[in-house]
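Participant: What follows is work15.txt, compact mmCIF, C-alpha atoms.
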# COMPACT_ATOMS: atom_id res chain seq x y z
CA MET A 816 104.34 115.38 73.74
CA ARG A 817 103.79 119.10 73.45
CA HIS A 818 103.51 118.84 69.66
CA ASP A 819 100.98 116.00 69.94
CA PHE A 820 99.11 117.84 72.72
CA ILE A 821 98.60 120.85 70.47
CA ARG A 822 97.73 118.71 67.44
CA TYR A 823 95.41 116.10 68.86
CA GLN A 824 93.84 117.54 72.01
CA ALA A 825 91.41 120.44 71.67
CA GLN A 826 92.73 123.62 73.26
CA THR A 827 90.93 126.27 75.28
CA THR A 828 93.43 129.07 74.57
CA PRO A 829 96.20 129.68 72.03
CA HIS A 830 98.85 129.46 74.76
CA PRO A 831 98.32 126.58 77.23
CA LEU A 832 100.85 126.19 80.04
CA ALA A 833 101.55 122.66 78.74
CA MET A 834 103.29 121.18 81.75
CA GLU A 835 103.95 117.48 81.10
CA VAL A 836 102.56 115.87 84.25
CA SER A 837 104.18 112.72 85.64
CA HIS A 838 102.36 112.33 88.97
CA ALA A 839 100.90 114.34 91.83
CA LYS A 840 100.78 113.83 95.57
CA GLY A 841 99.66 116.03 98.44
CA SER A 842 100.30 119.68 97.58
CA TYR A 843 102.74 118.92 94.75
CA ILE A 844 102.56 118.13 91.04
CA TYR A 845 105.61 116.58 89.35
CA ASP A 846 106.58 116.94 85.70
CA LYS A 847 108.20 114.37 83.41
CA ASN A 848 111.65 115.60 84.43
CA GLY A 849 110.93 114.98 88.10
CA LYS A 850 110.61 118.67 88.96
CA ALA A 851 108.23 119.38 91.85
CA TYR A 852 105.68 122.19 91.67
CA LEU A 853 103.96 123.47 94.81
CA ASP A 854 100.27 123.71 93.96
CA PHE A 855 98.56 126.96 95.02
CA VAL A 856 95.58 126.29 92.70
CA ALA A 857 94.29 122.77 93.53
CA GLY A 858 92.96 122.12 90.05
CA VAL A 859 91.03 125.41 90.23
CA SER A 860 89.54 124.74 93.69
CA ALA A 861 88.74 121.11 92.84
CA CYS A 862 91.30 119.08 94.80
CA SER A 863 90.11 119.88 98.31
CA LEU A 864 92.27 117.19 99.94
CA GLY A 865 95.22 117.67 97.64
CA HIS A 866 96.42 115.15 95.11
CA SER A 867 96.03 111.38 95.53
CA HIS A 868 94.81 111.61 99.11
CA PRO A 869 95.25 108.08 100.48
CA LYS A 870 91.71 107.80 101.87
CA VAL A 871 90.21 108.93 98.56
CA VAL A 872 92.43 106.59 96.56
CA ASN A 873 91.51 103.71 98.85
CA ALA A 874 87.78 104.46 98.47
CA ILE A 875 88.17 104.46 94.69
CA LYS A 876 90.07 101.16 94.70
CA THR A 877 87.56 99.53 97.03
CA GLN A 878 84.66 100.55 94.80
CA LEU A 879 86.49 99.43 91.66
CA ASP A 880 86.44 95.89 92.99
CA LYS A 881 82.65 96.01 93.49
CA TYR A 882 81.16 97.57 90.38
CA LEU A 883 81.50 100.53 88.01
CA HIS A 884 78.62 102.02 86.04
CA VAL A 885 75.58 99.75 86.10
CA MET A 886 72.55 101.87 85.13
CA VAL A 887 71.49 105.42 84.27
CA TYR A 888 70.95 107.76 87.19
CA GLY A 889 67.94 107.30 89.43
CA GLU A 890 67.02 103.67 88.72
CA TYR A 891 69.18 101.40 90.87
CA ILE A 892 70.09 101.85 94.53
CA GLN A 893 73.86 102.30 94.63
CA GLU A 894 75.25 102.69 98.11
CA PRO A 895 77.99 105.30 97.45
CA ALA A 896 75.57 107.74 95.79
CA LEU A 897 72.89 107.20 98.42
CA GLU A 898 75.30 107.66 101.33
CA LEU A 899 76.75 110.80 99.73
CA SER A 900 73.28 112.30 99.32
CA LYS A 901 72.38 111.42 102.93
CA LEU A 902 75.57 112.97 104.27
CA LEU A 903 74.96 116.17 102.33
CA ALA A 904 71.45 116.34 103.80
CA LYS A 905 72.88 115.80 107.29
CA HIS A 906 75.05 118.89 106.94
CA LEU A 907 72.43 121.11 105.31
CA PRO A 908 69.54 122.94 106.98
CA ALA A 909 65.99 121.74 106.36
CA PRO A 910 64.36 121.43 103.90
CA LEU A 911 67.49 120.93 101.76
CA GLU A 912 67.55 117.15 101.72
CA SER A 913 67.14 115.90 98.14
CA THR A 914 70.29 115.86 95.98
CA TYR A 915 70.56 115.23 92.27
CA LEU A 916 74.07 114.03 91.40
CA VAL A 917 75.47 114.94 88.00
CA ASN A 918 78.82 115.07 86.21
CA SER A 919 79.99 118.66 86.53
CA GLY A 920 79.21 122.03 88.05
CA THR A 921 77.81 123.47 84.85
CA GLU A 922 75.45 120.49 84.47
CA ALA A 923 74.27 121.10 88.02
CA ILE A 924 73.57 124.72 87.08
CA GLU A 925 71.55 123.53 84.08
CA GLY A 926 69.54 121.22 86.32
CA SER A 927 68.89 123.95 88.87
CA LEU A 928 67.59 126.34 86.19
CA LYS A 929 65.26 123.66 84.80
CA LEU A 930 64.06 122.85 88.30
CA ALA A 931 63.31 126.51 89.09
CA ARG A 932 61.39 127.03 85.86
CA ARG A 933 59.47 123.78 86.26
CA TYR A 934 58.62 124.47 89.91
CA THR A 935 57.47 128.07 89.45
CA GLY A 936 55.99 127.84 85.96
CA ARG A 937 57.88 131.05 85.16
CA SER A 938 60.70 131.69 82.69
CA GLU A 939 62.64 134.77 83.82
CA ILE A 940 66.05 134.09 85.38
CA ILE A 941 68.01 136.84 87.12
CA ALA A 942 71.78 136.53 87.41
CA ALA A 943 74.51 138.92 88.50
CA LYS A 944 76.79 140.97 86.33
CA ASN A 945 80.35 139.61 86.27
CA ALA A 946 79.09 136.16 87.27
CA TYR A 947 80.38 132.85 86.01
CA HIS A 948 78.34 129.66 86.32
CA GLY A 949 79.84 127.48 83.59
CA ASN A 950 80.03 127.28 79.81
CA THR A 951 77.22 125.09 78.54
CA MET A 952 74.46 126.94 76.72
CA GLY A 953 72.27 127.54 79.76
CA SER A 954 75.13 128.48 82.06
CA LEU A 955 76.66 130.69 79.38
CA SER A 956 73.32 132.48 79.00
CA LEU A 957 73.66 133.69 82.59
CA MET A 958 76.85 135.60 81.78
CA ASP A 959 76.76 139.31 80.92
CA PHE A 960 80.03 139.38 78.95
CA GLU A 961 78.74 139.91 75.44
CA GLU A 962 82.09 139.27 73.73
CA ARG A 963 82.10 135.76 75.21
CA LYS A 964 78.43 135.11 74.45
CA THR A 965 77.86 136.64 71.02
CA PRO A 966 79.64 133.94 68.97
CA PHE A 967 77.16 131.38 70.33
CA PHE A 968 73.89 133.30 69.86
CA PRO A 969 71.02 132.66 70.15
CA LEU A 970 71.18 131.62 73.79
CA ILE A 971 68.45 131.03 76.34
CA PRO A 972 66.02 133.99 76.51
CA ASP A 973 64.49 135.78 79.51
CA ILE A 974 67.76 136.37 81.35
CA LYS A 975 68.19 139.63 83.27
CA HIS A 976 71.20 140.94 85.17
CA ILE A 977 71.54 142.78 88.44
CA THR A 978 74.63 144.19 90.13
CA PHE A 979 76.05 142.00 92.88
CA ASN A 980 75.71 143.74 96.27
CA SER A 981 73.27 146.34 94.92
CA GLU A 982 70.26 146.57 97.23
CA ALA A 983 68.56 148.93 94.78
CA ASP A 984 68.52 146.24 92.11
CA LEU A 985 66.44 143.89 94.25
CA ASN A 986 63.25 145.54 93.01
CA GLN A 987 63.96 143.93 89.63
CA ILE A 988 63.02 140.61 91.25
CA THR A 989 59.28 140.37 90.63
CA GLU A 990 56.35 137.97 90.29
CA HIS A 991 57.66 137.22 86.79
CA THR A 992 60.95 135.87 88.15
CA ALA A 993 61.45 132.11 88.25
CA ALA A 994 64.83 132.27 89.98
CA VAL A 995 67.66 134.46 91.11
CA ILE A 996 71.00 132.72 90.79
CA LEU A 997 74.11 134.09 92.48
CA GLU A 998 77.56 132.87 93.40
CA THR A 999 77.88 133.03 97.17
CA ILE A 1000 81.28 134.61 96.54
CA GLN A 1001 81.77 135.88 92.99
CA GLY A 1002 84.65 133.83 91.60
CA GLY A 1003 85.63 134.98 88.12
CA ALA A 1004 84.98 138.60 89.08
CA GLY A 1005 87.81 138.51 91.62
CA PHE A 1006 86.48 136.66 94.68
CA ILE A 1007 84.00 139.36 95.63
CA GLU A 1008 82.24 138.69 98.94
CA PRO A 1009 78.63 139.72 99.52
CA ASN A 1010 77.99 142.71 101.76
CA GLN A 1011 76.50 141.95 105.14
CA ASN A 1012 72.84 140.86 104.79
CA TYR A 1013 72.88 141.21 100.98
CA LEU A 1014 72.22 137.52 100.36
CA LYS A 1015 69.66 137.45 103.16
CA ASN A 1016 67.83 140.36 101.52
CA VAL A 1017 67.90 138.58 98.15
CA GLN A 1018 66.45 135.50 99.84
CA GLU A 1019 63.69 137.51 101.47
CA ARG A 1020 62.84 139.29 98.22
CA CYS A 1021 62.60 135.95 96.43
CA ARG A 1022 60.19 134.67 99.08
CA GLU A 1023 58.07 137.81 98.77
CA VAL A 1024 57.51 137.27 95.05
CA GLY A 1025 57.60 133.46 94.91
CA ALA A 1026 60.94 133.20 93.11
CA VAL A 1027 63.50 130.45 93.74
CA PHE A 1028 66.82 131.49 95.30
CA ILE A 1029 69.75 129.53 93.83
CA LEU A 1030 73.26 129.74 95.26
CA ASP A 1031 76.23 128.53 93.26
CA GLU A 1032 78.74 127.06 95.71
CA ILE A 1033 80.83 125.24 93.10
CA GLN A 1034 83.92 127.16 94.22
CA PRO A 1035 83.29 128.28 97.83
CA GLY A 1036 81.67 125.02 98.91
CA MET A 1037 83.26 122.02 100.64
CA GLY A 1038 85.02 123.86 103.45
CA ARG A 1039 87.10 126.20 101.33
CA THR A 1040 85.86 129.32 103.12
CA GLY A 1041 86.19 127.88 106.62
CA LYS A 1042 82.64 126.55 106.71
CA LEU A 1043 81.30 123.62 104.75
CA PHE A 1044 79.17 125.93 102.62
CA GLY A 1045 79.94 129.58 102.00
CA PHE A 1046 76.37 130.72 102.65
CA GLU A 1047 76.80 129.77 106.31
CA HIS A 1048 78.89 132.93 106.73
CA TYR A 1049 76.17 135.23 105.45
CA ASN A 1050 72.96 134.54 107.40
CA CYS A 1051 71.00 133.14 104.46
CA GLN A 1052 69.76 129.89 102.99
CA PRO A 1053 69.13 129.02 99.33
CA ASP A 1054 66.18 127.11 97.93
CA ILE A 1055 68.58 125.29 95.60
CA LEU A 1056 72.24 124.74 96.42
CA VAL A 1057 74.67 123.93 93.61
CA THR A 1058 77.98 122.20 94.37
CA GLY A 1059 80.78 120.60 92.38
CA LYS A 1060 84.57 120.93 92.07
CA GLY A 1061 85.86 120.29 95.60
CA LEU A 1062 83.18 117.69 96.35
CA GLY A 1063 84.74 115.09 94.05
CA GLY A 1064 88.15 114.60 95.66
CA GLY A 1065 89.77 115.06 92.26
CA LEU A 1066 87.10 113.32 90.18
CA PRO A 1067 84.40 115.08 88.11
CA ILE A 1068 81.14 115.77 89.93
CA GLY A 1069 78.29 118.22 90.27
CA ALA A 1070 75.19 118.29 92.43
CA PHE A 1071 72.11 120.39 93.10
CA THR A 1072 70.15 120.06 96.31
CA ALA A 1073 66.63 121.25 97.11
CA SER A 1074 63.62 120.25 99.16
CA LYS A 1075 61.97 116.92 98.38
CA GLU A 1076 58.81 118.79 97.42
CA MET A 1077 60.65 120.92 94.88
CA MET A 1078 62.86 118.18 93.46
CA HIS A 1079 59.87 115.90 92.94
CA VAL A 1080 58.64 118.01 90.01
CA LEU A 1081 61.49 116.68 87.85
CA SER A 1082 60.15 113.13 88.15
CA GLU A 1083 56.77 113.54 86.45
CA ASN A 1084 54.85 115.69 83.96
CA PRO A 1085 57.10 114.97 82.20
CA LYS A 1086 58.95 111.97 83.57
CA LEU A 1087 62.71 112.26 83.22
CA GLY A 1088 62.54 116.03 83.67
CA HIS A 1089 66.29 115.86 84.10
CA ILE A 1090 68.33 112.80 83.22
CA THR A 1091 71.99 111.80 83.17
CA THR A 1092 73.73 108.55 82.31
CA PHE A 1093 76.76 108.83 84.57
CA GLY A 1094 75.48 111.09 87.37
CA GLY A 1095 76.01 109.39 90.72
CA ASN A 1096 78.69 107.15 89.24
CA PRO A 1097 79.65 104.79 92.07
CA VAL A 1098 83.41 105.34 91.83
CA ILE A 1099 83.04 109.11 91.82
CA ALA A 1100 80.43 109.01 94.58
CA ALA A 1101 82.76 106.87 96.71
CA ALA A 1102 85.53 109.45 96.27
CA ALA A 1103 83.13 112.29 97.06
CA LEU A 1104 81.72 110.56 100.13
CA THR A 1105 85.21 110.05 101.53
CA THR A 1106 86.15 113.64 100.72
CA LEU A 1107 83.06 115.00 102.47
CA LYS A 1108 83.69 112.83 105.52
CA GLU A 1109 87.30 113.95 105.76
CA ILE A 1110 86.36 117.62 105.54
CA THR A 1111 83.55 117.37 108.11
CA GLU A 1112 85.23 115.00 110.57
CA THR A 1113 88.59 116.82 110.85
CA ASP A 1114 89.73 120.37 111.62
CA LEU A 1115 90.39 121.24 107.96
CA MET A 1116 87.71 123.95 107.90
CA LEU A 1117 89.02 125.61 111.05
CA LYS A 1118 92.54 125.37 109.68
CA ALA A 1119 91.43 127.01 106.42
CA LEU A 1120 90.74 130.24 108.32
CA GLU A 1121 94.07 130.01 110.12
CA LYS A 1122 95.86 129.42 106.82
CA GLU A 1123 94.08 132.44 105.33
CA GLN A 1124 95.66 134.61 108.01
CA LEU A 1125 99.04 133.03 107.35
CA ILE A 1126 98.77 133.87 103.66
CA ARG A 1127 97.70 137.42 104.41
CA GLN A 1128 100.60 137.77 106.83
CA HIS A 1129 103.21 136.57 104.35
CA LEU A 1130 101.80 138.18 101.20
CA GLN A 1131 102.35 141.78 102.15
CA HIS A 1132 104.05 143.68 99.34
CA LYS A 1133 103.87 147.10 97.73
CA HIS A 1134 102.70 145.55 94.46
CA ILE A 1135 99.82 143.69 96.17
CA LYS A 1136 96.99 146.18 96.54
CA THR A 1137 94.62 143.91 98.45
CA ILE A 1138 93.76 140.26 99.01
CA ARG A 1139 90.12 139.39 98.43
CA GLY A 1140 88.15 136.36 99.51
CA ARG A 1141 87.84 134.16 102.56
CA GLY A 1142 89.54 131.03 103.86
CA LEU A 1143 91.53 129.37 101.09
CA MET A 1144 89.56 131.08 98.33
CA LEU A 1145 91.80 134.12 97.90
CA ALA A 1146 92.81 136.49 95.12
CA ALA A 1147 95.85 138.75 95.35
CA ILE A 1148 95.06 141.95 93.43
CA LEU A 1149 98.09 143.53 91.75
CA GLU A 1150 98.56 146.83 89.92
CA ASN A 1151 97.98 145.59 86.39
CA SER A 1152 97.49 142.50 84.27
CA GLU A 1153 101.03 142.55 82.89
CA LEU A 1154 102.43 142.13 86.38
CA VAL A 1155 99.98 139.30 87.06
CA ASN A 1156 101.06 137.45 83.90
CA ASP A 1157 104.72 137.91 84.77
CA VAL A 1158 104.30 136.59 88.30
CA ILE A 1159 102.26 133.54 87.27
CA LEU A 1160 104.66 132.51 84.50
CA LYS A 1161 107.82 133.12 86.53
CA ALA A 1162 106.33 131.28 89.49
CA GLN A 1163 105.77 128.19 87.37
CA GLU A 1164 109.37 128.36 86.14
CA GLN A 1165 110.46 128.41 89.79
CA GLY A 1166 108.18 125.57 90.90
CA LEU A 1167 104.99 127.28 92.12
CA ILE A 1168 101.61 126.89 90.43
CA LEU A 1169 99.43 130.00 90.36
CA PHE A 1170 96.59 130.85 87.99
CA TRP A 1171 94.38 133.60 86.64
CA LEU A 1172 90.74 134.52 87.28
CA LEU A 1173 88.33 134.74 84.37
CA PHE A 1174 87.19 138.35 84.48
CA GLU A 1175 89.59 140.16 86.82
CA PRO A 1176 92.91 140.56 84.98
CA LYS A 1177 94.66 142.07 88.00
CA ALA A 1178 94.04 138.99 90.18
CA ILE A 1179 96.23 136.02 91.04
CA ARG A 1180 94.26 132.96 92.14
CA ILE A 1181 95.39 131.43 95.44
CA THR A 1182 93.26 128.37 96.15
CA PRO A 1183 95.59 125.66 97.50
CA PRO A 1184 94.39 122.31 98.85
CA LEU A 1185 92.81 122.51 102.30
CA THR A 1186 95.50 120.05 103.37
CA ILE A 1187 98.44 122.29 102.49
CA SER A 1188 100.98 122.67 105.30
CA ASN A 1189 101.86 125.97 106.94
CA GLU A 1190 105.44 125.46 105.79
CA ASP A 1191 104.37 125.16 102.16
CA ILE A 1192 102.16 128.23 102.47
CA ILE A 1193 105.08 130.29 103.72
CA LYS A 1194 107.35 128.81 101.03
CA GLY A 1195 104.92 129.74 98.26
CA CYS A 1196 104.27 133.22 99.61
CA LYS A 1197 108.00 133.93 99.86
CA LEU A 1198 108.45 132.88 96.24
CA ILE A 1199 105.68 135.25 95.14
CA THR A 1200 107.13 138.19 97.06
CA SER A 1201 110.63 137.44 95.76
CA ILE A 1202 109.30 137.63 92.19
CA LEU A 1203 107.54 140.90 93.01
CA ASP A 1204 110.77 142.24 94.53
CA SER A 1205 112.39 141.97 91.12
CA GLN A 1206 109.75 144.13 89.43
Go ahead and render the structure in this file as structure tokens.
Facilitator:
Amino acid sequence: MRHDFIRYQAQTTPHPLAMEVSHAKGSYIYDKNGKAYLDFVAGVSACSLGHSHPKVVNAIKTQLDKYLHVMVYGEYIQEPALELSKLLAKHLPAPLESTYLVNSGTEAIEGSLKLARRYTGRSEIIAAKNAYHGNTMGSLSLMDFEERKTPFFPLIPDIKHITFNSEADLNQITEHTAAVILETIQGGAGFIEPNQNYLKNVQERCREVGAVFILDEIQPGMGRTGKLFGFEHYNCQPDILVTGKGLGGGLPIGAFTASKEMMHVLSENPKLGHITTFGGNPVIAAAALTTLKEITETDLMLKALEKEQLIRQHLQHKHIKTIRGRGLMLAAILENSELVNDVILKAQEQGLILFWLLFEPKAIRITPPLTISNEDIIKGCKLITSILDSQ
């Protein structure tokens, strides 16, 4: 299978981990030999409720018996998509009530950029240095890593960059700015949290100049930080909220939410201002609706903060310089990238799944399912520290 995997399936790097997956359940993934791997990554923050959560699986099976795709997005009333949008609105502050469902986080970013430009009539987009919002052409244009962007030039023009957490840079947001887009917590950069009132000050500056404030919650959203949305920690509110990953319960999804007034501009002059064939797919929406209900109707968010403290307690080691992030969106920062690579690869050999971050080579990603048990947290942390002991 490995030979065929390399030959027939397009690769993202020269050296994929290439585990041959048999099945997955709860906080574990099993390979073809029956070996169990404790999952400290959750599909890169996507499997909020772990693998094959019975309520999600049941919702998928129930919807399968009713109908699959029937029409392009926005034409027919399909109950799972409508109920998902209503439940998102219920848990968001006014006027965030209109949700556009798409197929992935990066597509939601694309839609949010189009919406901001259409709504303001401006073109300039301001993003943060060291940000990651996806890899389609618009999302890639927001990145400031030239070595990753240059091979795909020309990209979308009128993009400027500010430094995350720099109050001095806020004066770059002007009457020419259509939108400022930020990750609530910078993911690829190493799970960098905003300073107190930074996001609030960005929001206020946007309002002063008539710019749209977009927050990318694709990673911190859906309870991962101990609140349903990360921005709830930081005394601010976006004009457009982008979600994805953990919303889908293990299926592909993206969404951007705004006021009805703002979202309406995508429906005329021109019509079909944004369009998707499979956005709001009923099977995926059913899985997402069940996922959102489970997160909001249980104590998983409260437990995420308790589990954060458990991880911090059991991941104390001389080679771990600090642990960044909040809730179950954590990054253990080691001394160098070589040590990170060694720990991640040895951990997989010993049955623990860890992963890298895009732009911070000294970071180990720790983003387990919200449903992970305390016992499995301790087990995984002990394995990490035992590997570090051997260094």
Participant: Which is closest to A:Gly1063 among A:Pro831, A:Pro1085, A:Gly1036, A:Gly926, if we use only C-alpha atoms?
Facilitator: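 Distance minimum relative to A:Gly1063 lands on A:Gly1036.
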Participant: Hey, what's within 10 Å of A:Tyr888 if we count all atoms listed in the file and toss same-chain stuff fewer than 2 positions away? As a list in words, please?
Facilitator: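 Non-adjacent residues within range: His884, Val885, Met886, Glu890, Tyr891, Ile892, Gln893, Ala896, Tyr915, Leu916, Val917, His1089, Ile1090, Thr1091, Thr1092, Phe1093, Gly1094, Gly1095 and Asn1096 of chain A.
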Participant: List as a ChimeraX atom specification the protein and nucleic acid residues near A:Met1116, meaning an atom at most 7 Å away when only C-alpha atoms are counted, but skip any in the same chain fewer than 5 places from it.
Facilitator: /A:1038-1039,1041-1042,1110
Participant: Could you list, with a cut-off of 12 Å and counting only C-alpha atoms, the residues of stretch 896-928 of chain A near stretch 983-1007 of chain A, each shown with its nearest atom pair and the distance in Å rounded to one decimal, rows sorted by chain and ascending number, as JSON lines?
Facilitator:
{"residue": "A:Ile924", "atom": "CA", "partner": "A:Ile996", "partner_atom": "CA", "distance": 9.2}
{"residue": "A:Glu925", "atom": "CA", "partner": "A:Ile996", "partner_atom": "CA", "distance": 11.4}
{"residue": "A:Ser927", "atom": "CA", "partner": "A:Ile996", "partner_atom": "CA", "distance": 9.2}
{"residue": "A:Leu928", "atom": "CA", "partner": "A:Ala994", "partner_atom": "CA", "distance": 7.6}
Participant: Place a sphere of radius 10 Å on (76.4, 138.9, 102.3) in the file coordinates and name every protein, DNA or RNA residue with an atom inside or on its surface, counting only C-alpha atoms; give the answer as a list of chain:residue names.
Facilitator: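 Here the neighbourhood of the point contains A:Phe979, A:Asn980, A:Thr999, A:Ile1000, A:Glu1008, A:Pro1009, A:Asn1010, A:Gln1011, A:Asn1012, A:Tyr1013, A:Leu1014, A:Lys1015, A:Asn1016, A:Val1017, A:Gly1045, A:Phe1046, A:Glu1047, A:His1048, A:Tyr1049, A:Asn1050, A:Cys1051.
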Participant: Go ahead and save the picked residues with C-alpha atoms, as a PDB file, keeping the file's coordinate frame.
Facilitator:
ATOM      1  CA  PHE A 979      76.050 142.000  92.880  1.00  0.00           C
ATOM      2  CA  ASN A 980      75.710 143.740  96.270  1.00  0.00           C
ATOM      3  CA  THR A 999      77.880 133.030  97.170  1.00  0.00           C
ATOM      4  CA  ILE A1000      81.280 134.610  96.540  1.00  0.00           C
ATOM      5  CA  GLU A1008      82.240 138.690  98.940  1.00  0.00           C
ATOM      6  CA  PRO A1009      78.630 139.720  99.520  1.00  0.00           C
ATOM      7  CA  ASN A1010      77.990 142.710 101.760  1.00  0.00           C
ATOM      8  CA  GLN A1011      76.500 141.950 105.140  1.00  0.00           C
ATOM      9  CA  ASN A1012      72.840 140.860 104.790  1.00  0.00           C
ATOM     10  CA  TYR A1013      72.880 141.210 100.980  1.00  0.00           C
ATOM     11  CA  LEU A1014      72.220 137.520 100.360  1.00  0.00           C
ATOM     12  CA  LYS A1015      69.660 137.450 103.160  1.00  0.00           C
ATOM     13  CA  ASN A1016      67.830 140.360 101.520  1.00  0.00           C
ATOM     14  CA  VAL A1017      67.900 138.580  98.150  1.00  0.00           C
ATOM     15  CA  GLY A1045      79.940 129.580 102.000  1.00  0.00           C
ATOM     16  CA  PHE A1046      76.370 130.720 102.650  1.00  0.00           C
ATOM     17  CA  GLU A1047      76.800 129.770 106.310  1.00  0.00           C
ATOM     18  CA  HIS A1048      78.890 132.930 106.730  1.00  0.00           C
ATOM     19  CA  TYR A1049      76.170 135.230 105.450  1.00  0.00           C
ATOM     20  CA  ASN A1050      72.960 134.540 107.400  1.00  0.00           C
ATOM     21  CA  CYS A1051      71.000 133.140 104.460  1.00  0.00           C
TER      22      CYS A1051
END
Participant: Out of A:Ile1199, A:Val1155, A:Ala1073, A:Ile1099, which residue has the shortest atom-to-atom distance to A:Leu879 when counting all atoms listed in the file?
Facilitator: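 Smallest separation from A:Leu879 among the options: A:Ile1099.
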Participant: Extract, using all atoms listed in the file, all DNA, RNA and protein residues at most 7 Å from A:Leu1185, discarding same-chain residues fewer than 4 positions from it, and format them as number ranges by chain.
Facilitator: A: 863-864, 1039, 1115, 1119
Participant: Could those residues be written to a file, using C-alpha atoms, as a PDB file, in the frame of the given file?
Facilitator:
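Once everything was written out, this is result20.pdb:
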ATOM      1  CA  SER A 863      90.110 119.880  98.310  1.00  0.00           C
ATOM      2  CA  LEU A 864      92.270 117.190  99.940  1.00  0.00           C
ATOM      3  CA  ARG A1039      87.100 126.200 101.330  1.00  0.00           C
ATOM      4  CA  LEU A1115      90.390 121.240 107.960  1.00  0.00           C
ATOM      5  CA  ALA A1119      91.430 127.010 106.420  1.00  0.00           C
TER       6      ALA A1119
END
Participant: Which polymer residues have any atom within 10 Å of an atom of A:Pro1067, counting all atoms listed in the file, with same-chain residues fewer than 5 positions away left out, as an MDAnalysis selection string?
Facilitator: chainID A and resid 861 917:920 1059:1062 1094 1096 1099:1100 1102:1103
Participant: Taking (73.6, 140.5, 83.6) in the file's own coordinates, collect the residues within 10 Å, counting only C-alpha atoms, and hand them back as a PyMOL selection string.
Facilitator: chain A and resi 941-946+956-961+974-979
Participant: Save out the residues we just selected, C-alpha atoms, as a short mmCIF file (atom, residue, chain, number, x, y, z; two decimals), keeping the file's coordinate frame.
Facilitator:
data_model
loop_
_atom_site.label_atom_id
_atom_site.label_comp_id
_atom_site.auth_asym_id
_atom_site.auth_seq_id
_atom_site.Cartn_x
_atom_site.Cartn_y
_atom_site.Cartn_z
CA ILE A 941 68.01 136.84 87.12
CA ALA A 942 71.78 136.53 87.41
CA ALA A 943 74.51 138.92 88.50
CA LYS A 944 76.79 140.97 86.33
CA ASN A 945 80.35 139.61 86.27
CA ALA A 946 79.09 136.16 87.27
CA SER A 956 73.32 132.48 79.00
CA LEU A 957 73.66 133.69 82.59
CA MET A 958 76.85 135.60 81.78
CA ASP A 959 76.76 139.31 80.92
CA PHE A 960 80.03 139.38 78.95
CA GLU A 961 78.74 139.91 75.44
CA ILE A 974 67.76 136.37 81.35
CA LYS A 975 68.19 139.63 83.27
CA HIS A 976 71.20 140.94 85.17
CA ILE A 977 71.54 142.78 88.44
CA THR A 978 74.63 144.19 90.13
CA PHE A 979 76.05 142.00 92.88
#
Participant: Provide the atom CA of A:Val871 to atom CA of A:Ile1068 distance in Å, to one decimal place.
Facilitator: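 Here the two named atoms are 14.3 Å from each other.
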Participant: Would you please work out which residue, of A:Met1077, A:Ala825, A:Met1144, A:Ile1193, is nearest to A:Gln1034 when using only C-alpha atoms?
Facilitator: A:Met1144
Participant: To one decimal place in Å, what is the distance between atom CA of A:Ile844 and atom CA of A:Leu899?
Facilitator: 28.2 Å
Participant: Find the residues around A:Ile1192 up to 9 Å (only C-alpha atoms counted), leave out those fewer than 2 positions away in its own chain, and share them as a tab-separated table (two decimals) with C-alpha atoms, in the frame of the given file.
Facilitator:
chain	number	residue	atom	x	y	z
A	855	PHE	CA	98.56	126.96	95.02
A	1122	LYS	CA	95.86	129.42	106.82
A	1125	LEU	CA	99.04	133.03	107.35
A	1126	ILE	CA	98.77	133.87	103.66
A	1129	HIS	CA	103.21	136.57	104.35
A	1183	PRO	CA	95.59	125.66	97.50
A	1187	ILE	CA	98.44	122.29	102.49
A	1188	SER	CA	100.98	122.67	105.30
A	1189	ASN	CA	101.86	125.97	106.94
A	1190	GLU	CA	105.44	125.46	105.79
A	1194	LYS	CA	107.35	128.81	101.03
A	1195	GLY	CA	104.92	129.74	98.26
A	1196	CYS	CA	104.27	133.22	99.61
A	1197	LYS	CA	108.00	133.93	99.86
Participant: Is it possible to add N, CA and C atoms to stretch 995-1001 of chain A and hand it back as a PDB file, keeping the file's coordinate frame?
Facilitator:
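Final output, result-v2.pdb:
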ATOM      1  N   VAL A 995      66.466 133.621  91.032  1.00  0.00           N
ATOM      2  CA  VAL A 995      67.660 134.460  91.110  1.00  0.00           C
ATOM      3  C   VAL A 995      68.818 133.532  91.413  1.00  0.00           C
ATOM      4  N   ILE A 996      69.842 133.571  90.583  1.00  0.00           N
ATOM      5  CA  ILE A 996      71.000 132.720  90.790  1.00  0.00           C
ATOM      6  C   ILE A 996      72.237 133.589  91.014  1.00  0.00           C
ATOM      7  N   LEU A 997      72.915 133.334  92.115  1.00  0.00           N
ATOM      8  CA  LEU A 997      74.110 134.090  92.480  1.00  0.00           C
ATOM      9  C   LEU A 997      75.201 133.138  92.934  1.00  0.00           C
ATOM     10  N   GLU A 998      76.446 133.525  92.719  1.00  0.00           N
ATOM     11  CA  GLU A 998      77.560 132.870  93.400  1.00  0.00           C
ATOM     12  C   GLU A 998      77.603 133.420  94.820  1.00  0.00           C
ATOM     13  N   THR A 999      77.782 132.552  95.788  1.00  0.00           N
ATOM     14  CA  THR A 999      77.880 133.030  97.170  1.00  0.00           C
ATOM     15  C   THR A 999      79.031 134.010  97.308  1.00  0.00           C
ATOM     16  N   ILE A1000      80.162 133.683  96.714  1.00  0.00           N
ATOM     17  CA  ILE A1000      81.280 134.610  96.540  1.00  0.00           C
ATOM     18  C   ILE A1000      81.558 134.634  95.045  1.00  0.00           C
ATOM     19  N   GLN A1001      81.555 135.811  94.440  1.00  0.00           N
ATOM     20  CA  GLN A1001      81.770 135.880  92.990  1.00  0.00           C
ATOM     21  C   GLN A1001      83.199 135.466  92.662  1.00  0.00           C
TER      22      GLN A1001
END
